[in-house]
$ cat final-v4.txt   # compact mmCIF, C-alpha atoms
# COMPACT_ATOMS: atom_id res chain seq x y z
CA MET H 38 -9.34 13.75 -18.30
CA ALA H 39 -5.88 14.94 -19.34
CA SER H 40 -3.66 12.13 -20.54
CA THR H 41 -0.95 11.00 -18.18
CA ASN H 42 2.56 9.73 -18.79
CA LYS H 43 2.11 6.30 -17.27
CA ASN H 44 5.82 5.87 -16.72
CA ARG H 45 5.63 8.96 -14.49
CA GLN H 46 8.06 9.03 -11.59
CA PHE H 47 6.40 10.22 -8.41
CA ILE H 48 8.27 12.29 -5.82
CA SER H 49 8.20 11.97 -2.06
CA SER H 50 5.58 14.67 -1.41
CA GLU H 51 3.30 12.84 -3.87
CA THR H 52 3.60 9.41 -2.27
CA HIS H 53 3.10 11.11 1.10
CA LEU H 54 -0.14 12.66 -0.13
CA LEU H 55 -1.41 9.19 -0.99
CA ASP H 56 -0.77 8.21 2.65
CA GLU H 57 -2.81 11.19 3.78
CA ILE H 58 -5.74 10.14 1.58
CA MET H 59 -5.52 6.53 2.78
CA GLN H 60 -5.21 7.56 6.43
CA SER H 61 -8.17 9.90 6.35
CA ARG H 62 -10.49 7.53 4.45
CA ARG H 63 -13.29 6.38 6.73
CA ASP H 64 -16.26 4.04 6.54
CA VAL H 65 -19.03 6.62 6.93
CA ARG H 66 -22.38 5.80 8.55
CA GLY H 67 -25.75 7.50 8.45
CA ASN H 68 -25.09 9.79 11.39
CA ARG H 69 -22.38 11.74 9.55
CA PHE H 70 -23.96 12.23 6.13
CA LEU H 71 -25.47 15.58 5.12
CA PRO H 72 -28.75 15.84 3.20
CA VAL H 73 -27.19 17.56 0.20
CA ALA H 74 -26.92 16.45 -3.41
CA LEU H 75 -23.71 15.30 -5.06
CA ASP H 76 -22.38 16.91 -8.24
CA GLN H 77 -22.65 14.60 -11.24
CA ASP H 78 -19.07 15.54 -12.07
CA ASP H 79 -17.88 14.11 -8.75
CA ILE H 80 -19.92 10.93 -9.27
CA ASP H 81 -18.31 10.55 -12.69
CA LYS H 82 -14.86 10.92 -11.15
CA ILE H 83 -15.60 8.21 -8.58
CA PHE H 84 -16.64 5.83 -11.37
CA ALA H 85 -13.59 6.77 -13.43
CA ALA H 86 -11.47 5.63 -10.47
CA ALA H 87 -13.39 2.34 -10.33
CA LEU H 88 -12.60 1.68 -13.98
CA MET H 89 -8.86 2.27 -13.36
CA ALA H 90 -8.77 -0.73 -11.03
CA PRO H 91 -6.80 -3.85 -11.91
CA SER H 92 -8.77 -6.87 -13.06
CA VAL H 93 -7.75 -10.45 -13.53
CA GLY H 94 -7.07 -11.18 -17.22
CA PHE H 95 -8.31 -7.60 -17.95
CA SER H 96 -11.79 -9.11 -17.53
CA GLN H 97 -13.30 -5.95 -15.94
CA PRO H 98 -15.98 -8.14 -14.33
CA TRP H 99 -17.71 -5.25 -12.52
CA GLU H 100 -21.17 -3.80 -12.83
CA PHE H 101 -22.48 -0.82 -10.87
CA VAL H 102 -26.10 0.14 -10.24
CA THR H 103 -26.65 3.71 -9.08
CA ILE H 104 -29.72 4.03 -6.86
CA THR H 105 -31.50 7.24 -5.92
CA ASN H 106 -35.10 5.98 -6.00
CA ALA H 107 -36.63 6.28 -2.51
CA LYS H 108 -38.82 3.17 -2.86
CA THR H 109 -35.84 1.01 -3.83
CA ARG H 110 -33.82 2.31 -0.92
CA GLU H 111 -36.66 1.58 1.49
CA GLN H 112 -36.69 -2.02 0.29
CA ILE H 113 -32.91 -2.29 0.73
CA ALA H 114 -33.17 -0.72 4.18
CA HIS H 115 -35.77 -3.35 5.05
CA SER H 116 -33.28 -6.10 4.20
CA PHE H 117 -30.71 -4.36 6.40
CA PHE H 118 -33.23 -4.27 9.25
CA GLU H 119 -33.99 -7.99 8.95
CA GLU H 120 -30.35 -9.02 8.69
CA ASN H 121 -29.37 -6.75 11.57
CA GLU H 122 -31.93 -8.44 13.81
CA LYS H 123 -30.31 -11.79 12.96
CA ALA H 124 -26.88 -10.31 13.69
CA LYS H 125 -28.01 -9.17 17.14
CA GLN H 126 -28.97 -12.76 17.95
CA LEU H 127 -25.40 -13.83 17.15
CA PHE H 128 -23.86 -11.16 19.37
CA GLN H 129 -26.25 -12.07 22.18
CA GLN H 130 -25.44 -15.75 22.17
CA GLY H 131 -22.60 -17.61 23.63
CA GLN H 132 -19.10 -16.85 24.63
CA PHE H 133 -18.70 -13.17 23.80
CA GLU H 134 -17.72 -10.39 26.12
CA ALA H 135 -20.47 -8.99 28.33
CA GLY H 136 -22.04 -5.86 26.95
CA LYS H 137 -21.23 -6.64 23.31
CA LEU H 138 -24.89 -6.76 22.29
CA GLU H 139 -25.63 -3.48 24.07
CA GLN H 140 -22.72 -1.84 22.29
CA TYR H 141 -23.79 -3.35 18.96
CA GLU H 142 -27.31 -2.02 19.35
CA GLN H 143 -26.06 1.54 19.76
CA LEU H 144 -24.10 1.52 16.51
CA LYS H 145 -25.42 3.20 13.38
CA LEU H 146 -24.29 0.74 10.72
CA GLU H 147 -25.57 2.13 7.41
CA GLY H 148 -26.65 5.27 5.59
CA ILE H 149 -29.02 3.83 3.01
CA ILE H 150 -31.70 6.47 3.41
CA GLU H 151 -29.53 9.39 4.57
CA THR H 152 -27.27 9.47 1.50
CA PRO H 153 -28.23 11.01 -1.87
CA LEU H 154 -26.67 8.07 -3.71
CA ASN H 155 -26.41 4.31 -3.16
CA ILE H 156 -24.31 2.13 -5.46
CA ALA H 157 -24.76 -1.63 -5.67
CA VAL H 158 -21.64 -3.29 -7.03
CA PHE H 159 -21.90 -6.66 -8.75
CA TYR H 160 -19.58 -9.33 -10.09
CA ASN H 161 -20.52 -10.28 -13.64
CA PRO H 162 -18.81 -13.59 -14.34
CA GLN H 163 -17.44 -14.09 -17.84
CA LYS H 164 -18.42 -17.14 -19.86
CA GLY H 165 -15.40 -19.36 -20.48
CA PRO H 166 -11.97 -19.33 -18.85
CA VAL H 167 -10.45 -16.05 -17.67
CA LEU H 168 -6.69 -15.60 -17.82
CA GLY H 169 -5.40 -15.73 -14.24
CA GLN H 170 -8.63 -17.09 -12.82
CA THR H 171 -8.23 -20.73 -13.80
CA SER H 172 -6.67 -21.85 -10.49
CA MET H 173 -8.29 -19.29 -8.18
CA PRO H 174 -11.92 -18.79 -9.23
CA GLU H 175 -12.48 -16.06 -6.65
CA MET H 176 -10.08 -13.71 -8.51
CA GLY H 177 -12.92 -12.10 -10.47
CA ARG H 178 -14.67 -11.10 -7.26
CA TYR H 179 -11.39 -9.72 -5.93
CA SER H 180 -11.03 -7.52 -9.02
CA VAL H 181 -14.41 -5.97 -8.20
CA VAL H 182 -13.22 -5.29 -4.64
CA CYS H 183 -10.14 -3.49 -6.02
CA ALA H 184 -12.54 -1.22 -7.93
CA VAL H 185 -14.47 -0.51 -4.72
CA GLN H 186 -11.29 0.44 -2.88
CA ASN H 187 -10.33 2.81 -5.72
CA MET H 188 -13.79 4.42 -5.46
CA TRP H 189 -13.42 4.80 -1.72
CA LEU H 190 -10.06 6.55 -1.96
CA LYS H 191 -11.23 8.74 -4.83
CA ALA H 192 -14.38 9.75 -2.94
CA ARG H 193 -12.29 10.69 0.11
CA SER H 194 -9.96 12.80 -2.03
CA LEU H 195 -13.09 14.64 -3.24
CA ASN H 196 -14.08 15.10 0.44
CA ILE H 197 -17.03 12.78 -0.11
CA GLY H 198 -17.90 10.05 2.37
CA MET H 199 -18.62 6.43 1.55
CA GLY H 200 -19.91 3.56 3.66
CA TRP H 201 -19.91 -0.12 2.73
CA VAL H 202 -23.06 -1.85 3.98
CA SER H 203 -22.72 -5.62 4.24
CA ILE H 204 -25.55 -6.43 6.64
CA LEU H 205 -27.85 -7.26 3.73
CA ASP H 206 -29.26 -10.40 2.17
CA PRO H 207 -27.46 -10.48 -1.22
CA GLN H 208 -30.30 -12.50 -2.78
CA LYS H 209 -32.89 -9.94 -1.69
CA VAL H 210 -30.77 -7.07 -3.03
CA LYS H 211 -30.46 -8.91 -6.36
CA SER H 212 -34.19 -9.43 -6.47
CA ILE H 213 -34.97 -5.77 -5.61
CA LEU H 214 -32.64 -4.62 -8.40
CA ASN H 215 -33.83 -7.24 -10.88
CA ALA H 216 -30.28 -8.60 -11.26
CA PRO H 217 -29.71 -11.53 -13.63
CA LYS H 218 -29.23 -14.86 -11.93
CA ASP H 219 -25.48 -15.11 -12.60
CA ARG H 220 -24.61 -11.76 -10.99
CA GLU H 221 -23.22 -11.67 -7.45
CA LEU H 222 -23.51 -8.75 -5.04
CA ILE H 223 -20.04 -7.72 -3.87
CA ALA H 224 -20.69 -4.37 -2.19
CA TYR H 225 -23.48 -1.97 -1.34
CA LEU H 226 -22.19 1.58 -1.01
CA CYS H 227 -23.75 4.70 0.51
CA VAL H 228 -22.20 7.89 -0.83
CA GLY H 229 -22.63 11.50 0.23
CA LYS H 230 -21.16 14.65 1.72
CA VAL H 231 -20.39 14.55 5.42
CA ASP H 232 -20.24 16.91 8.38
CA LYS H 233 -16.84 15.49 9.33
CA PHE H 234 -14.53 12.53 8.90
CA HIS H 235 -13.59 10.83 12.17
CA ASP H 236 -9.90 10.74 13.14
CA GLN H 237 -9.99 6.97 13.62
CA PRO H 238 -12.26 4.12 12.54
CA GLU H 239 -15.37 4.41 14.70
CA LEU H 240 -15.00 0.82 15.93
CA GLU H 241 -11.45 1.63 17.06
CA MET H 242 -12.60 4.80 18.88
CA LEU H 243 -15.32 2.79 20.62
CA ARG H 244 -12.83 0.02 21.46
CA TRP H 245 -15.03 -2.58 19.76
CA GLN H 246 -11.83 -4.27 18.64
CA GLU H 247 -8.15 -3.37 19.15
CA ARG H 248 -5.79 -2.30 16.41
CA LYS H 249 -3.34 -5.09 15.56
CA LYS H 250 0.37 -4.34 15.58
CA ALA H 251 2.37 -4.67 12.37
CA GLU H 252 4.55 -7.43 13.89
CA GLN H 253 1.46 -9.52 14.63
CA VAL H 254 0.47 -9.68 10.98
CA ILE H 255 3.73 -9.44 9.01
CA LEU H 256 5.73 -12.68 9.10
CA LYS H 257 9.12 -13.49 7.63
CA GLU H 258 9.61 -16.32 5.11
CA SER H 259 6.93 -18.67 6.51
CA PHE H 260 4.51 -19.31 9.38
CA MET K 1049 4.88 9.02 10.15
CA ALA K 1050 3.68 12.56 10.85
CA SER K 1051 0.18 12.68 12.23
CA THR K 1052 -2.52 13.77 9.86
CA ASN K 1053 -5.66 15.78 10.40
CA LYS K 1054 -8.13 13.13 9.30
CA ASN K 1055 -10.82 15.69 8.62
CA ARG K 1056 -8.44 17.21 6.06
CA GLN K 1057 -10.08 18.78 3.02
CA PHE K 1058 -8.27 17.86 -0.17
CA ILE K 1059 -7.98 20.31 -3.07
CA SER K 1060 -8.40 19.62 -6.78
CA SER K 1061 -4.69 19.17 -7.58
CA GLU K 1062 -4.54 16.55 -4.81
CA THR K 1063 -7.48 14.47 -6.01
CA HIS K 1064 -6.05 14.75 -9.51
CA LEU K 1065 -2.73 13.33 -8.30
CA LEU K 1066 -4.59 10.29 -6.97
CA ASP K 1067 -5.95 9.75 -10.51
CA GLU K 1068 -2.42 9.87 -11.86
CA ILE K 1069 -1.29 7.21 -9.40
CA MET K 1070 -4.30 5.00 -10.18
CA GLN K 1071 -3.89 5.45 -13.94
CA SER K 1072 -0.22 4.60 -13.95
CA ARG K 1073 -0.50 1.55 -11.65
CA ARG K 1074 0.24 -1.60 -13.63
CA ASP K 1075 0.29 -5.34 -13.01
CA VAL K 1076 4.01 -5.92 -13.54
CA ARG K 1077 5.38 -9.23 -14.87
CA GLY K 1078 8.85 -10.78 -14.77
CA ASN K 1079 10.03 -9.19 -18.01
CA ARG K 1080 9.94 -5.65 -16.55
CA PHE K 1081 11.52 -6.19 -13.12
CA LEU K 1082 15.10 -5.16 -12.42
CA PRO K 1083 17.48 -7.33 -10.35
CA VAL K 1084 17.99 -4.69 -7.68
CA ALA K 1085 17.18 -4.74 -3.98
CA LEU K 1086 14.36 -2.79 -2.39
CA ASP K 1087 14.95 -0.36 0.49
CA GLN K 1088 13.49 -1.65 3.75
CA ASP K 1089 12.02 1.80 4.27
CA ASP K 1090 9.98 1.44 1.06
CA ILE K 1091 8.82 -2.04 2.07
CA ASP K 1092 7.70 -0.64 5.42
CA LYS K 1093 5.74 2.10 3.65
CA ILE K 1094 3.95 -0.46 1.47
CA PHE K 1095 2.92 -2.41 4.56
CA ALA K 1096 1.85 0.79 6.33
CA ALA K 1097 -0.52 1.38 3.39
CA ALA K 1098 -1.88 -2.16 3.77
CA LEU K 1099 -2.67 -1.52 7.41
CA MET K 1100 -4.59 1.66 6.51
CA ALA K 1101 -7.12 -0.40 4.56
CA PRO K 1102 -10.72 -0.69 5.68
CA SER K 1103 -11.77 -3.97 7.29
CA VAL K 1104 -15.17 -5.34 8.12
CA GLY K 1105 -15.96 -4.81 11.82
CA PHE K 1106 -12.36 -3.49 12.20
CA SER K 1107 -11.38 -7.18 12.15
CA GLN K 1108 -8.07 -6.57 10.28
CA PRO K 1109 -8.17 -10.20 9.10
CA TRP K 1110 -4.95 -9.96 7.08
CA GLU K 1111 -1.63 -11.73 7.40
CA PHE K 1112 1.40 -11.13 5.18
CA VAL K 1113 4.37 -13.41 4.65
CA THR K 1114 7.44 -11.77 3.10
CA ILE K 1115 9.48 -14.22 1.04
CA THR K 1116 13.04 -13.71 -0.17
CA ASN K 1117 14.33 -17.28 0.27
CA ALA K 1118 15.31 -18.70 -3.14
CA LYS K 1119 14.29 -22.29 -2.32
CA THR K 1120 10.81 -21.20 -1.26
CA ARG K 1121 10.38 -19.17 -4.42
CA GLU K 1122 11.46 -22.11 -6.56
CA GLN K 1123 8.75 -24.22 -4.95
CA ILE K 1124 6.15 -21.50 -5.56
CA ALA K 1125 7.34 -21.14 -9.16
CA HIS K 1126 6.88 -24.89 -9.57
CA SER K 1127 3.23 -24.55 -8.54
CA PHE K 1128 2.84 -21.73 -11.07
CA PHE K 1129 4.32 -23.96 -13.78
CA GLU K 1130 1.94 -26.83 -12.99
CA GLU K 1131 -1.14 -24.60 -12.82
CA ASN K 1132 -0.15 -22.77 -15.99
CA GLU K 1133 0.02 -26.07 -17.88
CA LYS K 1134 -3.54 -26.78 -16.73
CA ALA K 1135 -4.60 -23.29 -17.81
CA LYS K 1136 -3.21 -23.88 -21.31
CA GLN K 1137 -5.43 -26.92 -21.63
CA LEU K 1138 -8.45 -24.72 -20.91
CA PHE K 1139 -7.48 -22.15 -23.52
CA GLN K 1140 -6.87 -24.89 -26.07
CA GLN K 1141 -10.25 -26.51 -25.66
CA GLY K 1142 -13.55 -25.58 -27.00
CA GLN K 1143 -15.23 -22.54 -28.30
CA PHE K 1144 -12.55 -19.86 -27.95
CA GLU K 1145 -11.12 -17.66 -30.62
CA ALA K 1146 -8.46 -19.17 -32.82
CA GLY K 1147 -4.94 -18.32 -31.76
CA LYS K 1148 -5.84 -17.75 -28.11
CA LEU K 1149 -3.58 -20.55 -26.88
CA GLU K 1150 -0.66 -19.31 -29.00
CA GLN K 1151 -1.12 -15.82 -27.58
CA TYR K 1152 -1.43 -17.20 -24.04
CA GLU K 1153 1.79 -19.17 -24.38
CA GLN K 1154 3.75 -16.03 -25.27
CA LEU K 1155 2.70 -14.14 -22.16
CA LYS K 1156 5.00 -13.77 -19.17
CA LEU K 1157 2.54 -14.10 -16.30
CA GLU K 1158 4.59 -13.84 -13.12
CA GLY K 1159 7.82 -12.51 -11.61
CA ILE K 1160 8.34 -14.95 -8.76
CA ILE K 1161 12.05 -15.45 -9.31
CA GLU K 1162 12.88 -12.08 -10.92
CA THR K 1163 11.72 -9.93 -8.01
CA PRO K 1164 13.68 -9.33 -4.81
CA LEU K 1165 10.52 -9.70 -2.72
CA ASN K 1166 7.42 -11.90 -2.84
CA ILE K 1167 4.54 -11.35 -0.42
CA ALA K 1168 1.91 -14.01 0.24
CA VAL K 1169 -1.26 -12.44 1.61
CA PHE K 1170 -3.62 -14.53 3.72
CA TYR K 1171 -7.07 -14.23 5.24
CA ASN K 1172 -7.01 -15.12 8.91
CA PRO K 1173 -10.63 -15.75 9.90
CA GLN K 1174 -11.68 -14.59 13.35
CA LYS K 1175 -13.32 -17.01 15.76
CA GLY K 1176 -16.89 -15.97 16.46
CA PRO K 1177 -19.11 -13.48 14.67
CA VAL K 1178 -17.59 -10.41 13.03
CA LEU K 1179 -19.60 -7.19 12.92
CA GLY K 1180 -20.71 -6.68 9.31
CA GLN K 1181 -19.82 -10.21 8.24
CA THR K 1182 -22.85 -12.03 9.61
CA SER K 1183 -24.87 -11.90 6.37
CA MET K 1184 -21.99 -11.84 3.87
CA PRO K 1185 -19.27 -14.24 5.07
CA GLU K 1186 -16.94 -13.28 2.20
CA MET K 1187 -16.52 -9.74 3.65
CA GLY K 1188 -13.37 -10.73 5.56
CA ARG K 1189 -11.68 -11.84 2.36
CA TYR K 1190 -12.74 -8.59 0.69
CA SER K 1191 -11.09 -6.59 3.48
CA VAL K 1192 -7.82 -8.36 2.68
CA VAL K 1193 -8.23 -7.43 -1.00
CA CYS K 1194 -8.67 -3.76 -0.02
CA ALA K 1195 -5.31 -3.99 1.75
CA VAL K 1196 -3.72 -5.43 -1.41
CA GLN K 1197 -5.08 -2.58 -3.53
CA ASN K 1198 -3.69 -0.04 -1.04
CA MET K 1199 -0.29 -1.76 -1.28
CA TRP K 1200 -0.42 -1.69 -5.07
CA LEU K 1201 -1.16 2.04 -5.22
CA LYS K 1202 1.43 2.83 -2.56
CA ALA K 1203 4.08 0.78 -4.38
CA ARG K 1204 3.34 2.63 -7.63
CA SER K 1205 3.62 6.00 -5.89
CA LEU K 1206 7.09 4.84 -4.72
CA ASN K 1207 7.86 3.94 -8.38
CA ILE K 1208 7.93 0.27 -7.39
CA GLY K 1209 6.22 -2.40 -9.48
CA MET K 1210 3.91 -5.09 -8.20
CA GLY K 1211 2.39 -8.12 -9.89
CA TRP K 1212 -0.44 -10.29 -8.52
CA VAL K 1213 0.13 -13.95 -9.39
CA SER K 1214 -3.03 -16.05 -9.23
CA ILE K 1215 -2.02 -19.03 -11.36
CA LEU K 1216 -1.06 -21.00 -8.25
CA ASP K 1217 -2.53 -23.84 -6.25
CA PRO K 1218 -3.52 -22.11 -2.99
CA GLN K 1219 -3.22 -25.36 -1.04
CA LYS K 1220 0.34 -25.92 -2.27
CA VAL K 1221 1.30 -22.34 -1.40
CA LYS K 1222 -0.14 -22.85 2.09
CA SER K 1223 1.79 -26.06 2.49
CA ILE K 1224 5.09 -24.51 1.25
CA LEU K 1225 4.68 -21.65 3.75
CA ASN K 1226 3.51 -23.92 6.58
CA ALA K 1227 0.27 -21.95 6.90
CA PRO K 1228 -2.24 -23.04 9.57
CA LYS K 1229 -5.23 -24.93 8.25
CA ASP K 1230 -7.73 -22.10 8.74
CA ARG K 1231 -5.76 -19.53 6.69
CA GLU K 1232 -6.77 -18.82 3.10
CA LEU K 1233 -4.45 -17.50 0.39
CA ILE K 1234 -5.88 -14.32 -1.09
CA ALA K 1235 -2.97 -12.95 -3.12
CA TYR K 1236 0.61 -13.73 -4.07
CA LEU K 1237 2.54 -10.56 -4.89
CA CYS K 1238 5.85 -10.03 -6.69
CA VAL K 1239 7.43 -6.69 -5.81
CA GLY K 1240 10.44 -4.91 -7.26
CA LYS K 1241 11.88 -2.00 -9.19
CA VAL K 1242 11.10 -1.89 -12.90
CA ASP K 1243 12.67 -0.65 -16.11
CA LYS K 1244 9.39 0.99 -17.08
CA PHE K 1245 5.68 1.01 -16.44
CA HIS K 1246 3.58 0.30 -19.53
CA ASP K 1247 1.14 3.00 -20.70
CA GLN K 1248 -1.75 0.54 -20.72
CA PRO K 1249 -2.49 -2.86 -19.18
CA GLU K 1250 -0.43 -5.36 -21.18
CA LEU K 1251 -3.52 -7.44 -22.02
CA GLU K 1252 -5.18 -4.30 -23.41
CA MET K 1253 -2.11 -3.45 -25.53
CA LEU K 1254 -2.06 -7.01 -26.88
CA ARG K 1255 -5.84 -6.88 -27.53
CA TRP K 1256 -6.37 -10.00 -25.42
CA GLN K 1257 -9.62 -8.43 -24.27
CA GLU K 1258 -11.26 -5.07 -25.09
CA ARG K 1259 -11.77 -2.26 -22.63
CA LYS K 1260 -15.40 -1.99 -21.61
CA LYS K 1261 -17.15 1.36 -21.93
CA ALA K 1262 -18.50 3.08 -18.81
CA GLU K 1263 -22.08 2.91 -20.13
CA GLN K 1264 -21.81 -0.87 -20.43
CA VAL K 1265 -21.11 -1.32 -16.73
CA ILE K 1266 -22.87 1.59 -15.00
CA LEU K 1267 -26.62 1.13 -14.81
CA LYS K 1268 -29.31 3.44 -13.45
CA GLU K 1269 -31.67 2.36 -10.66
CA SER K 1270 -31.89 -1.35 -11.62
CA PHE K 1271 -31.03 -3.96 -14.26

$ encode --input "final-v4.txt" --output "structure tokens"
Amino acid sequence: MASTNKNRQFISSETHLLDEIMQSRRDVRGNRFLPVALDQDDIDKIFAAALMAPSVGFSQPWEFVTITNAKTREQIAHSFFEENEKAKQLFQQGQFEAGKLEQYEQLKLEGIIETPLNIAVFYNPQKGPVLGQTSMPEMGRYSVVCAVQNMWLKARSLNIGMGWVSILDPQKVKSILNAPKDRELIAYLCVGKVDKFHDQPELEMLRWQERKKAEQVILKESF
Amino acid sequence: MASTNKNRQFISSETHLLDEIMQSRRDVRGNRFLPVALDQDDIDKIFAAALMAPSVGFSQPWEFVTITNAKTREQIAHSFFEENEKAKQLFQQGQFEAGKLEQYEQLKLEGIIETPLNIAVFYNPQKGPVLGQTSMPEMGRYSVVCAVQNMWLKARSLNIGMGWVSILDPQKVKSILNAPKDRELIAYLCVGKVDKFHDQPELEMLRWQERKKAEQVILKESF
């Protein structure tokens, strides 16, 4: 990669382009992915973006496992299936709006098998104190999430779709991937080319949940 | 903001520009910030980027408190001071490299007072089950972190610096800001114009910790 002047001043068309990438990034599910291979060069670029993420105390506490093996993905998909059955119980019970379970059951919530590449993202805790993590121990995990968000934006800018699957048993995923005991699953990503990117988040289009207004979530000076 | 075709295909110069923004994003500390005000328009753009972040089940579980009040910032800075004293104890003890405490003591680790704007970012948990969060309860917090990373990149593309301060007692910050009991502090951000952006992370320049190689953190198929 060409070296960059890090003190670079960006101009308005450049910051606007970043908005366009952010606005058109979607969480992509199995029904949009195409059964075509990814270029290794594009995969490398997505990982390069991950490694540009900030990390607390420059600890870089991330670890990525690329998964293409069909058997492994079947095992992961099985964990999704089990966890999704449990989730349906929760949406069936209690005080929720009528029809929520029916709507839930119609959603395609992962692309584990449909995508050419899965990436399991782990937190690898450092032995000993980490600068910046001494009062907020969860900071290391948050650094890993920053890397995931960089990957997501980079993938979108390469016109590649990514979906984050969280309806999984993290312990089962660790066991399937033979992860050391101290590692923690942060994200499970499905990556591939797509037929299209939706204009809005699918759950917004389907009115699963309403978009919050800026004034609801941005407060001045205190609560 | 002009509407965007979300199915937009980006070209190679555009994905390359995203790399430039990611590469030149820095965690900015008090010694680089300038005592100048921010334009409200730029602040609005940074929040617009936050609200473009992905969120589990479209739950948008974020809440942002903008802080300019000097008294409030003094109280927050006091929590930093207390927590930083505790951190020094940790770097003094035990099995760490000689000189680590001395190096730690020379670092400027926040810009609470120096910046014109602080932003406290909270997780506001939803009552009842959240789609995608039923097996991994930490997903809501991770959505908030994705919003912070979007803000950080957007700020950099506006040539505005941001620092994430995590050497704080989250309970004290909540109390200072009168946060409801169920809220959780995810990030405390210091935002302002800068004299320059460093070429590398400061902790890399100072050799606090070495940069990991891609092959150390990207594994194939399993551990």

$ residues_around --input "final-v4.txt" --residues "Trp1256 of chain K" --least-positions-apart "2" --cutoff "12 Å" --atoms "all atoms listed in the file" --output "PyMOL selection string"
(chain H and resi 93-96+167-168) or (chain K and resi 1144-1152+1154-1155+1249-1254+1258-1259)

$ write_last_selection --input "final-v4.txt" --atoms "C-alpha atoms" --output "mmCIF file, in the coordinates of the input"
data_model
loop_
_atom_site.group_PDB
_atom_site.id
_atom_site.type_symbol
_atom_site.label_atom_id
_atom_site.label_comp_id
_atom_site.auth_asym_id
_atom_site.auth_seq_id
_atom_site.Cartn_x
_atom_site.Cartn_y
_atom_site.Cartn_z
ATOM 1 C CA VAL H 93 -7.750 -10.450 -13.530
ATOM 2 C CA GLY H 94 -7.070 -11.180 -17.220
ATOM 3 C CA PHE H 95 -8.310 -7.600 -17.950
ATOM 4 C CA SER H 96 -11.790 -9.110 -17.530
ATOM 5 C CA VAL H 167 -10.450 -16.050 -17.670
ATOM 6 C CA LEU H 168 -6.690 -15.600 -17.820
ATOM 7 C CA PHE K 1144 -12.550 -19.860 -27.950
ATOM 8 C CA GLU K 1145 -11.120 -17.660 -30.620
ATOM 9 C CA ALA K 1146 -8.460 -19.170 -32.820
ATOM 10 C CA GLY K 1147 -4.940 -18.320 -31.760
ATOM 11 C CA LYS K 1148 -5.840 -17.750 -28.110
ATOM 12 C CA LEU K 1149 -3.580 -20.550 -26.880
ATOM 13 C CA GLU K 1150 -0.660 -19.310 -29.000
ATOM 14 C CA GLN K 1151 -1.120 -15.820 -27.580
ATOM 15 C CA TYR K 1152 -1.430 -17.200 -24.040
ATOM 16 C CA GLN K 1154 3.750 -16.030 -25.270
ATOM 17 C CA LEU K 1155 2.700 -14.140 -22.160
ATOM 18 C CA PRO K 1249 -2.490 -2.860 -19.180
ATOM 19 C CA GLU K 1250 -0.430 -5.360 -21.180
ATOM 20 C CA LEU K 1251 -3.520 -7.440 -22.020
ATOM 21 C CA GLU K 1252 -5.180 -4.300 -23.410
ATOM 22 C CA MET K 1253 -2.110 -3.450 -25.530
ATOM 23 C CA LEU K 1254 -2.060 -7.010 -26.880
ATOM 24 C CA GLU K 1258 -11.260 -5.070 -25.090
ATOM 25 C CA ARG K 1259 -11.770 -2.260 -22.630
#

$ residues_around --input "final-v4.txt" --residues "Pro1164 of chain K" --least-positions-apart "3" --cutoff "12 Å" --atoms "all atoms listed in the file" --output "list in words"
Gly1078, Phe1081, Leu1082, Pro1083, Val1084, Ala1085, Leu1086, Asp1087, Gln1088, Ile1091, Thr1114, Ile1115, Thr1116, Asn1117, Ala1118, Arg1121, Gly1159, Ile1160, Ile1161, Ile1167, Ile1208, Gly1209, Met1210, Leu1237, Cys1238, Val1239, Gly1240, Lys1241 and Val1242 of chain K

$ atom_distance --input "final-v4.txt" --atom1 "atom CA of Glu221 of chain H" --atom2 "atom CA of Tyr160 of chain H"
5.1 Å

$ atom_distance --input "final-v4.txt" --atom1 "atom CA of Lys164 of chain H" --atom2 "atom CA of Ala1125 of chain K"
28.2 Å

$ atom_distance --input "final-v4.txt" --atom1 "atom CA of His1126 of chain K" --atom2 "atom CA of Gly177 of chain H"
23.6 Å

$ closest_residue --input "final-v4.txt" --among "H:Gln112, H:Lys145, H:Arg220, H:Gln129" --to "Arg66 of chain H" --atoms "only C-alpha atoms"
H:Lys145
